[in-house]
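Trainee: Dropping in target25.cif, with mmCIF, C-alpha atoms.
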data_input
loop_
_atom_site.group_PDB
_atom_site.id
_atom_site.type_symbol
_atom_site.label_atom_id
_atom_site.label_comp_id
_atom_site.auth_asym_id
_atom_site.auth_seq_id
_atom_site.Cartn_x
_atom_site.Cartn_y
_atom_site.Cartn_z
ATOM 1 C CA MET T 1031 185.894 110.436 89.242
ATOM 2 C CA PHE T 1032 182.568 109.156 87.866
ATOM 3 C CA ARG T 1033 183.976 105.611 87.607
ATOM 4 C CA PHE T 1034 185.174 105.789 91.216
ATOM 5 C CA VAL T 1035 181.704 106.840 92.417
ATOM 6 C CA ILE T 1036 180.119 103.973 90.439
ATOM 7 C CA PHE T 1037 182.677 101.554 91.919
ATOM 8 C CA VAL T 1038 182.000 102.709 95.509
ATOM 9 C CA CYS T 1039 178.219 102.498 94.997
ATOM 10 C CA GLY T 1040 178.563 99.016 93.515
ATOM 11 C CA LEU T 1041 180.738 97.919 96.430
ATOM 12 C CA PHE T 1042 178.250 99.336 98.950
ATOM 13 C CA PHE T 1043 175.248 97.589 97.363
ATOM 14 C CA SER T 1044 177.091 94.284 96.942
ATOM 15 C CA MET T 1045 178.063 94.334 100.633
ATOM 16 C CA HIS T 1046 174.380 94.695 101.554
ATOM 17 C CA ALA T 1047 173.469 91.853 99.194
ATOM 18 C CA PHE T 1048 176.037 89.529 100.801
ATOM 19 C CA ALA T 1049 174.948 90.578 104.302
ATOM 20 C CA ASP T 1050 171.428 89.430 103.466
ATOM 21 C CA MET T 1051 172.487 85.940 102.337
ATOM 22 C CA PRO T 1052 172.570 82.852 104.575
ATOM 23 C CA SER T 1053 175.945 81.762 105.884
ATOM 24 C CA THR T 1054 177.510 78.725 104.226
ATOM 25 C CA LYS T 1055 178.847 77.649 107.618
ATOM 26 C CA ARG T 1056 177.494 74.333 108.937
ATOM 27 C CA TRP T 1057 176.511 74.555 112.594
ATOM 28 C CA LYS T 1058 173.738 73.889 115.073
ATOM 29 C CA GLN T 1059 172.533 75.422 118.297
ATOM 30 C CA GLU T 1060 169.690 75.109 120.779
ATOM 31 C CA LYS T 1061 168.326 77.743 123.112
ATOM 32 C CA THR T 1062 165.939 77.103 126.007
ATOM 33 C CA PHE T 1063 163.442 79.569 127.473
ATOM 34 C CA SER T 1064 162.078 78.485 130.869
ATOM 35 C CA PHE T 1065 158.814 79.615 132.471
ATOM 36 C CA GLY T 1066 158.280 77.438 135.559
ATOM 37 C CA ASP T 1067 157.210 73.967 134.377
ATOM 38 C CA VAL T 1068 157.095 75.127 130.748
ATOM 39 C CA GLN T 1069 160.238 74.961 128.642
ATOM 40 C CA ILE T 1070 160.469 76.278 125.100
ATOM 41 C CA LYS T 1071 163.381 74.776 123.163
ATOM 42 C CA GLN T 1072 164.346 76.407 119.928
ATOM 43 C CA SER T 1073 166.900 74.785 117.623
ATOM 44 C CA PHE T 1074 168.763 75.650 114.441
ATOM 45 C CA ASN T 1075 170.646 73.054 112.389
ATOM 46 C CA SER T 1076 172.448 73.745 109.113
ATOM 47 C CA MET T 1077 174.671 70.627 109.206
ATOM 48 C CA LYS T 1078 172.931 69.014 106.186
ATOM 49 C CA ASP T 1079 172.391 72.109 104.056
ATOM 50 C CA PRO T 1080 173.354 75.667 105.087
ATOM 51 C CA MET T 1081 170.990 77.105 102.469
ATOM 52 C CA ASP T 1082 168.038 75.127 103.862
ATOM 53 C CA PRO T 1083 168.589 74.697 107.607
ATOM 54 C CA GLU T 1084 166.136 73.140 110.039
ATOM 55 C CA PHE T 1085 164.379 75.515 112.435
ATOM 56 C CA LYS T 1086 162.341 73.928 115.232
ATOM 57 C CA VAL T 1087 160.406 75.179 118.227
ATOM 58 C CA ARG T 1088 159.368 72.592 120.813
ATOM 59 C CA VAL T 1089 157.269 73.316 123.900
ATOM 60 C CA TYR T 1090 157.315 71.052 126.961
ATOM 61 C CA ASP T 1091 155.023 71.180 129.987
ATOM 62 C CA LYS T 1092 156.473 69.218 132.931
ATOM 63 C CA GLY T 1093 158.737 67.384 130.481
ATOM 64 C CA ARG T 1094 155.907 66.344 128.138
ATOM 65 C CA LEU T 1095 156.069 67.596 124.536
ATOM 66 C CA VAL T 1096 152.893 69.617 123.872
ATOM 67 C CA LEU T 1097 153.827 71.522 120.700
ATOM 68 C CA GLN T 1098 156.384 71.244 117.902
ATOM 69 C CA LEU T 1099 156.728 73.682 115.023
ATOM 70 C CA ASN T 1100 159.049 73.208 112.071
ATOM 71 C CA ASP T 1101 160.350 76.184 110.063
ATOM 72 C CA ALA T 1102 159.711 78.546 112.955
ATOM 73 C CA ALA T 1103 162.006 80.710 115.095
ATOM 74 C CA PHE T 1104 161.512 83.633 117.458
ATOM 75 C CA ASP T 1105 163.835 86.164 119.091
ATOM 76 C CA ALA T 1106 162.096 86.038 122.467
ATOM 77 C CA PHE T 1107 159.160 84.524 124.332
ATOM 78 C CA PHE T 1108 156.938 86.103 126.981
ATOM 79 C CA SER T 1109 154.566 84.454 129.463
ATOM 80 C CA SER T 1110 151.187 85.674 130.643
ATOM 81 C CA PRO T 1111 151.119 86.402 134.395
ATOM 82 C CA ASP T 1112 149.373 83.090 135.134
ATOM 83 C CA GLY T 1113 151.701 81.078 132.859
ATOM 84 C CA GLY T 1114 148.793 79.886 130.719
ATOM 85 C CA ALA T 1115 149.694 81.607 127.439
ATOM 86 C CA PHE T 1116 152.900 82.625 125.679
ATOM 87 C CA VAL T 1117 153.881 85.122 123.012
ATOM 88 C CA GLY T 1118 156.847 84.671 120.680
ATOM 89 C CA LEU T 1119 158.161 87.606 118.623
ATOM 90 C CA SER T 1120 160.658 87.839 115.786
ATOM 91 C CA ASN T 1121 162.291 90.642 113.823
ATOM 92 C CA SER T 1122 163.847 88.159 111.408
ATOM 93 C CA GLY T 1123 162.639 87.279 107.940
ATOM 94 C CA TRP T 1124 164.306 83.879 108.103
ATOM 95 C CA PRO T 1125 162.509 81.499 108.417
ATOM 96 C CA GLY T 1126 159.789 84.153 108.361
ATOM 97 C CA THR T 1127 157.738 83.694 111.524
ATOM 98 C CA ALA T 1128 156.862 87.063 113.060
ATOM 99 C CA VAL T 1129 154.585 86.332 116.026
ATOM 100 C CA ILE T 1130 152.955 83.398 117.771
ATOM 101 C CA ILE T 1131 150.530 83.142 120.670
ATOM 102 C CA PHE T 1132 149.955 79.684 122.128
ATOM 103 C CA GLU T 1133 148.482 78.089 125.235
ATOM 104 C CA ARG T 1134 150.350 76.051 127.803
ATOM 105 C CA ARG T 1135 148.678 72.898 126.439
ATOM 106 C CA GLY T 1136 150.130 73.591 122.980
ATOM 107 C CA ARG T 1137 147.109 75.041 121.187
ATOM 108 C CA ILE T 1138 148.136 77.807 118.771
ATOM 109 C CA LEU T 1139 145.933 80.891 119.087
ATOM 110 C CA LEU T 1140 147.767 83.036 116.511
ATOM 111 C CA LEU T 1141 150.625 82.582 114.062
ATOM 112 C CA ALA T 1142 151.705 85.337 111.652
ATOM 113 C CA GLU T 1143 154.538 85.338 109.152
ATOM 114 C CA HIS T 1144 156.425 88.086 107.373
ATOM 115 C CA GLY T 1145 155.264 88.130 103.771
ATOM 116 C CA LEU T 1146 151.743 86.945 104.536
ATOM 117 C CA ALA T 1147 151.649 89.866 106.962
ATOM 118 C CA ARG T 1148 153.288 93.213 106.229
ATOM 119 C CA PHE T 1149 154.152 94.964 109.495
ATOM 120 C CA ASP T 1150 155.127 98.639 109.905
ATOM 121 C CA TYR T 1151 158.866 98.033 109.634
ATOM 122 C CA CYS T 1152 161.551 100.444 110.849
ATOM 123 C CA GLY T 1153 164.248 98.507 109.015
ATOM 124 C CA GLU T 1154 163.969 95.809 106.383
ATOM 125 C CA THR T 1155 166.077 93.771 103.986
ATOM 126 C CA ALA T 1156 164.932 91.197 101.457
ATOM 127 C CA THR T 1157 165.739 88.241 103.702
ATOM 128 C CA PHE T 1158 166.882 88.739 107.274
ATOM 129 C CA VAL T 1159 165.890 92.097 108.750
ATOM 130 C CA LYS T 1160 162.192 92.726 109.462
ATOM 131 C CA ASP T 1161 162.264 95.121 112.453
ATOM 132 C CA TRP T 1162 158.705 95.789 113.620
ATOM 133 C CA TYR T 1163 158.925 95.685 117.437
ATOM 134 C CA ASP T 1164 161.479 97.016 119.924
ATOM 135 C CA SER T 1165 163.587 93.922 120.613
ATOM 136 C CA LYS T 1166 165.730 95.715 123.224
ATOM 137 C CA ASP T 1167 162.740 96.798 125.343
ATOM 138 C CA PRO T 1168 159.588 95.051 124.023
ATOM 139 C CA GLN T 1169 157.423 95.802 127.099
ATOM 140 C CA VAL T 1170 155.002 92.921 126.381
ATOM 141 C CA ARG T 1171 151.962 93.279 128.643
ATOM 142 C CA PHE T 1172 148.939 91.038 129.006
ATOM 143 C CA PRO T 1173 145.580 92.700 129.696
ATOM 144 C CA PRO T 1174 144.140 92.744 133.201
ATOM 145 C CA PHE T 1175 141.203 90.362 133.536
ATOM 146 C CA LYS T 1176 137.835 92.076 133.872
ATOM 147 C CA LEU T 1177 134.579 90.201 134.291
ATOM 148 C CA GLY T 1178 131.658 91.604 132.332
ATOM 149 C CA GLY T 1179 131.973 94.335 129.804
ATOM 150 C CA GLU T 1180 129.962 97.296 130.969
ATOM 151 C CA GLY T 1181 131.440 100.681 130.193
ATOM 152 C CA ARG T 1182 134.131 99.300 127.903
ATOM 153 C CA ASP T 1183 134.324 99.896 124.173
ATOM 154 C CA ARG T 1184 136.398 96.761 123.716
ATOM 155 C CA THR T 1185 138.463 94.224 125.584
ATOM 156 C CA PRO T 1186 142.090 95.321 126.024
ATOM 157 C CA GLY T 1187 144.640 93.207 124.221
ATOM 158 C CA ILE T 1188 148.237 92.127 124.583
ATOM 159 C CA THR T 1189 150.394 95.220 124.097
ATOM 160 C CA LEU T 1190 154.035 95.739 123.227
ATOM 161 C CA LYS T 1191 156.411 98.479 122.155
ATOM 162 C CA SER T 1192 156.804 98.958 118.412
ATOM 163 C CA CYS T 1193 160.098 99.770 116.738
ATOM 164 C CA HIS T 1194 158.764 103.355 116.531
ATOM 165 C CA GLY T 1195 158.572 103.496 120.359
ATOM 166 C CA GLU T 1196 154.761 103.402 120.506
ATOM 167 C CA THR T 1197 152.652 101.038 122.594
ATOM 168 C CA ILE T 1198 150.641 98.908 120.170
ATOM 169 C CA ASP T 1199 147.924 96.272 120.510
ATOM 170 C CA LEU T 1200 149.340 92.987 119.203
ATOM 171 C CA LEU T 1201 146.101 91.611 117.753
ATOM 172 C CA ASP T 1202 145.224 94.895 116.020
ATOM 173 C CA THR T 1203 148.760 95.079 114.621
ATOM 174 C CA VAL T 1204 148.641 91.536 113.229
ATOM 175 C CA THR T 1205 145.182 92.130 111.732
ATOM 176 C CA LYS T 1206 146.417 95.269 109.958
ATOM 177 C CA ALA T 1207 149.659 93.591 108.858
ATOM 178 C CA THR T 1208 147.732 90.628 107.439
ATOM 179 C CA ALA T 1209 145.463 92.960 105.456
ATOM 180 C CA ASN T 1210 148.611 94.596 104.012
ATOM 181 C CA GLY T 1211 150.404 91.299 103.307
ATOM 182 C CA GLU T 1212 152.423 90.887 100.142
ATOM 183 C CA MET T 1213 150.691 87.556 99.488
ATOM 184 C CA THR T 1214 147.444 86.082 100.725
ATOM 185 C CA LEU T 1215 147.279 82.610 102.230
ATOM 186 C CA ARG T 1216 145.168 81.604 99.219
ATOM 187 C CA ASP T 1217 147.976 82.751 96.875
ATOM 188 C CA GLU T 1218 150.642 80.927 98.882
ATOM 189 C CA ILE T 1219 148.680 77.670 98.824
ATOM 190 C CA ASN T 1220 148.089 78.038 95.098
ATOM 191 C CA ILE T 1221 151.743 78.811 94.303
ATOM 192 C CA HIS T 1222 153.249 76.075 96.473
ATOM 193 C CA TYR T 1223 150.642 73.336 96.437
ATOM 194 C CA GLY T 1224 148.350 73.961 93.461
ATOM 195 C CA THR T 1225 147.726 71.156 90.978
ATOM 196 C CA ARG T 1226 150.163 71.290 88.099
#
Now that the file is in, can you turn its structure into structure tokens?

Mentor:
Amino acid sequence: MFRFVIFVCGLFFSMHAFADMPSTKRWKQEKTFSFGDVQIKQSFNSMKDPMDPEFKVRVYDKGRLVLQLNDAAFDAFFSSPDGGAFVGLSNSGWPGTAVIIFERRGRILLLAEHGLARFDYCGETATFVKDWYDSKDPQVRFPPFKLGGEGRDRTPGITLKSCHGETIDLLDTVTKATANGEMTLRDEINIHYGTR
């Protein structure tokens, strides 16, 4: 009986290990998100190497390329009411991008990655699963514009629904997640690009 229990536990844990590994299948796909004149094209290509696929995000305004990111992917994008800024969110640890905020002209205002930022996850695996926001009903809201600042403790931020069902401030969440990151940007630069 003891051997059977060990066998079942081993089978269970090995299934989770294989589920968290990249597919060896070679394929490519592109998905387009449209917001009026702005198109966000996201592509995945594992034709050369399934273990090191290409992830790309390209942003076009009236057909003109204004932003291209390599090694980035997001589950969904959201536009501000005036179409001037966009938020991208991801619950995936591969390639590791968690959130981006950028302007229509292509200027990046914020970019956070899993690993450098440690979010309050509801579910997590070593590679793929990094659930931190409610992907089924994210409820992304941009703050109402208010001129001046009298009577306010602070300017409201972009809010969304966390995986715990709470409304959270995106900038506060990223700041906290970055403070709790598994690795600092300084460490990452040293490990990957330091003089050897």

Trainee: For Lys1206 of chain T, which of T:Gly1066, T:Phe1149, T:Gly1118, T:Phe1085 is the closest residue, counting all atoms listed in the file?

Mentor: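 Of T:Gly1066, T:Phe1149, T:Gly1118, T:Phe1085, the one nearest Lys1206 of chain T is T:Phe1149, counting all atoms listed in the file.
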
Trainee: With segment 1191-1195 of chain T as the partner and 9 Å as the cut-off, tabulate the residues of segment 1091-1154 of chain T that qualify, each row holding the nearest pair of atoms and their distance in Å to one decimal, using only C-alpha atoms, sorted by chain and rising number, as a Markdown table.

Mentor:
| residue | atom | partner | partner_atom | distance |
| --- | --- | --- | --- | --- |
| T:Asp1150 | CA | T:Cys1193 | CA | 8.5 |
| T:Tyr1151 | CA | T:Cys1193 | CA | 7.4 |
| T:Cys1152 | CA | T:Cys1193 | CA | 6.1 |
| T:Gly1153 | CA | T:Cys1193 | CA | 8.9 |

Trainee: Just give me the gap between atom CA of Leu1097 of chain T and atom CA of Gly1114 of chain T in Å, one decimal is fine.

Mentor: 14.0 Å

Trainee: Calculated over all atoms listed in the file, which of the candidates T:Ala1209, T:Met1077, T:Leu1190, T:Ile1198 has the smallest distance to Lys1166 of chain T?

Mentor: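 Between T:Ala1209, T:Met1077, T:Leu1190, T:Ile1198, the residue approaching Lys1166 of chain T most closely is T:Leu1190.
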
Trainee: Let me make sure I understand: among T:Glu1133, T:Asp1091, T:Asp1105, T:Glu1143, which one has the smallest atom-to-atom distance to Lys1061 of chain T if we use only C-alpha atoms?

Mentor: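 So, comparing all the options, the nearest one is T:Asp1105.
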
Trainee: Suppose you want the space between atom CA of Pro1111 of chain T and atom CA of Arg1148 of chain T; what is it in Å?

Mentor: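 Computing it gives 29.1 Å between the two atoms.
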
Trainee: So, counting all atoms listed in the file, which residue among T:Leu1146, T:Phe1104, T:Ala1115, T:Gln1098 is closest to Ile1219 of chain T?

Mentor: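 Of T:Leu1146, T:Phe1104, T:Ala1115, T:Gln1098, the one nearest Ile1219 of chain T, counting all atoms listed in the file, is T:Leu1146.
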
Trainee: Could you spell out the hits of the PyMOL selection byres ((chain T and resi 1100-1103) around 9) on the shown file, as an MDAnalysis selection string?

Mentor: chainID T and resid 1072:1074 1083:1088 1098:1099 1104:1105 1118:1120 1122 1124:1128

Trainee: Just want the 12 Å neighbourhood of Asp1112 of chain T, counted on all atoms listed in the file, with same-chain residues fewer than 2 positions away dropped. Output as a PDB file with C-alpha atoms, in the coordinates of the input.

Mentor:
ATOM      1  CA  PHE T1065     158.814  79.615 132.471  1.00  0.00           C
ATOM      2  CA  GLY T1066     158.280  77.438 135.559  1.00  0.00           C
ATOM      3  CA  VAL T1068     157.095  75.127 130.748  1.00  0.00           C
ATOM      4  CA  PHE T1108     156.938  86.103 126.981  1.00  0.00           C
ATOM      5  CA  SER T1109     154.566  84.454 129.463  1.00  0.00           C
ATOM      6  CA  SER T1110     151.187  85.674 130.643  1.00  0.00           C
ATOM      7  CA  GLY T1114     148.793  79.886 130.719  1.00  0.00           C
ATOM      8  CA  ALA T1115     149.694  81.607 127.439  1.00  0.00           C
ATOM      9  CA  PHE T1116     152.900  82.625 125.679  1.00  0.00           C
ATOM     10  CA  GLU T1133     148.482  78.089 125.235  1.00  0.00           C
ATOM     11  CA  ARG T1134     150.350  76.051 127.803  1.00  0.00           C
ATOM     12  CA  PHE T1172     148.939  91.038 129.006  1.00  0.00           C
ATOM     13  CA  PRO T1173     145.580  92.700 129.696  1.00  0.00           C
ATOM     14  CA  PRO T1174     144.140  92.744 133.201  1.00  0.00           C
ATOM     15  CA  PHE T1175     141.203  90.362 133.536  1.00  0.00           C
TER      16      PHE T1175
END

Trainee: Hey, can you check how far atom CA of Arg1216 of chain T sits from atom CA of Trp1162 of chain T?

Mentor: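 Computing the Euclidean distance for atom CA of Arg1216 of chain T and atom CA of Trp1162 of chain T yields 24.3 Å.
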
Trainee: Out of T:Val1159, T:Val1170, T:Ile1070, T:Ala1106, which residue has the shortest atom-to-atom distance to Arg1094 of chain T when counting all atoms listed in the file?

Mentor: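 Looking at the shortest contact to Arg1094 of chain T, the residue is T:Ile1070.
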
Trainee: For the PyMOL selection byres ((chain T and resi 1204) around 9), applied here, can you spell out every residue it catches as a PDB file with C-alpha atoms, in the coordinates of the input?

Mentor:
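The result, written out as selection.pdb:
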ATOM      1  CA  VAL T1129     154.585  86.332 116.026  1.00  0.00           C
ATOM      2  CA  ALA T1142     151.705  85.337 111.652  1.00  0.00           C
ATOM      3  CA  ALA T1147     151.649  89.866 106.962  1.00  0.00           C
ATOM      4  CA  ARG T1148     153.288  93.213 106.229  1.00  0.00           C
ATOM      5  CA  PHE T1149     154.152  94.964 109.495  1.00  0.00           C
ATOM      6  CA  ASP T1199     147.924  96.272 120.510  1.00  0.00           C
ATOM      7  CA  LEU T1200     149.340  92.987 119.203  1.00  0.00           C
ATOM      8  CA  LEU T1201     146.101  91.611 117.753  1.00  0.00           C
ATOM      9  CA  ASP T1202     145.224  94.895 116.020  1.00  0.00           C
ATOM     10  CA  THR T1203     148.760  95.079 114.621  1.00  0.00           C
ATOM     11  CA  THR T1205     145.182  92.130 111.732  1.00  0.00           C
ATOM     12  CA  LYS T1206     146.417  95.269 109.958  1.00  0.00           C
ATOM     13  CA  ALA T1207     149.659  93.591 108.858  1.00  0.00           C
ATOM     14  CA  THR T1208     147.732  90.628 107.439  1.00  0.00           C
ATOM     15  CA  ALA T1209     145.463  92.960 105.456  1.00  0.00           C
TER      16      ALA T1209
END

Trainee: Written as number ranges by chain, which residues does the PyMOL selection byres ((chain T and resi 1157) around 6) give for the file shown?

Mentor: T: 1050, 1123, 1155-1156, 1158

Trainee: Within 6 Å of Val1117 of chain T, counting only C-alpha atoms, which residues show up once you throw out same-chain ones fewer than 4 positions away? Write them as an NGL selection string, please.

Mentor: :T and (1107-1108 or 1130-1131)

Trainee: Edge lengths and centre in Å to one decimal, as lines of an AutoDock Vina configuration file, is what I'm after for the box along x, y and z that holds all listed atoms of segment 1128-1139 of chain T once 8 Å is added on each side.

Mentor:
center_x = 151.4
center_y = 80.0
center_z = 120.4
size_x = 26.9
size_y = 30.2
size_z = 30.7
